[in-house]
Amino acid sequence: MAYRINHIHLKASDPRRTAEWYVGAFDFKIVNDETRVFGDRFIRCQSVDGGMAVNISGPRTGETLQPGNASAHFGLPNGGRITFLHAPDDTRVELVQQGKVAGGCS
């Protein structure tokens, strides 16, 4: 069953620094930067093609973010190529180039 992803939400200890990294790395555009009623800084970004929303928020009032593990590990390669990028706040970005889909499209 096919579905469309509405958005991706990242938690970061320094949301602005993380957002600026994605702007530089993937040409995202920052469309909004606010502090919400929960006490967290909330930054809305959009992909260069205008299709994907990426939200980056910090800890809420009283919340402590735990360290992550950005090391490479197996994902779901499904016949494609994979690369891993170490992004700010100890996050790992996995980029997958998919193999050919039935009918010759990629």
# chains A, B, ... in the order shown; residues from 1 in each chain; ligands from 1
>>> residues_around(residues="Arg60 (chain A)", least_positions_apart="4", cutoff="9 Å", atoms="only C-alpha atoms", output="ChimeraX atom specification")
/A:36-41,64
>>> residues_around(residues="Ala53 (chain A)", least_positions_apart="3", cutoff="9 Å", atoms="only C-alpha atoms", output="number ranges by chain")
A: 6-9, 44-47, 50
>>> atom_distance(atom1="CA of Ala19 (chain A)", atom2="CA of Val96 (chain A)")
21.2 Å
>>> closest_residue(among="A:Ile82, A:Leu65, A:Val48, A:Ile43", to="Glu94 (chain A)", atoms="only C-alpha atoms")
A:Ile82
>>> residues_around(residues="Leu95 (chain A)", least_positions_apart="6", cutoff="9 Å", atoms="only C-alpha atoms", output="list in words")
Arg81, Ile82, Thr83, Phe84 and Leu85 of chain A
>>> closest_residue(among="A:Ala12, A:Thr61, A:Glu34, A:Phe28", to="Asp49 (chain A)", atoms="only C-alpha atoms")
A:Phe28
>>> atom_distance(atom1="CA of Val93 (chain A)", atom2="CA of Val54 (chain A)")
13.0 Å
>>> atom_distance(atom1="CA of Ser57 (chain A)", atom2="CA of Arg92 (chain A)")
16.4 Å
>>> select_by_dssp(residues="region 17-94 of chain A", states="helix (DSSP H, G or I)", output="list in words")
Arg17, Thr18, Ala19, Glu20, Trp21, Tyr22, Val23, Gly24, Ala25 and Phe26 of chain A
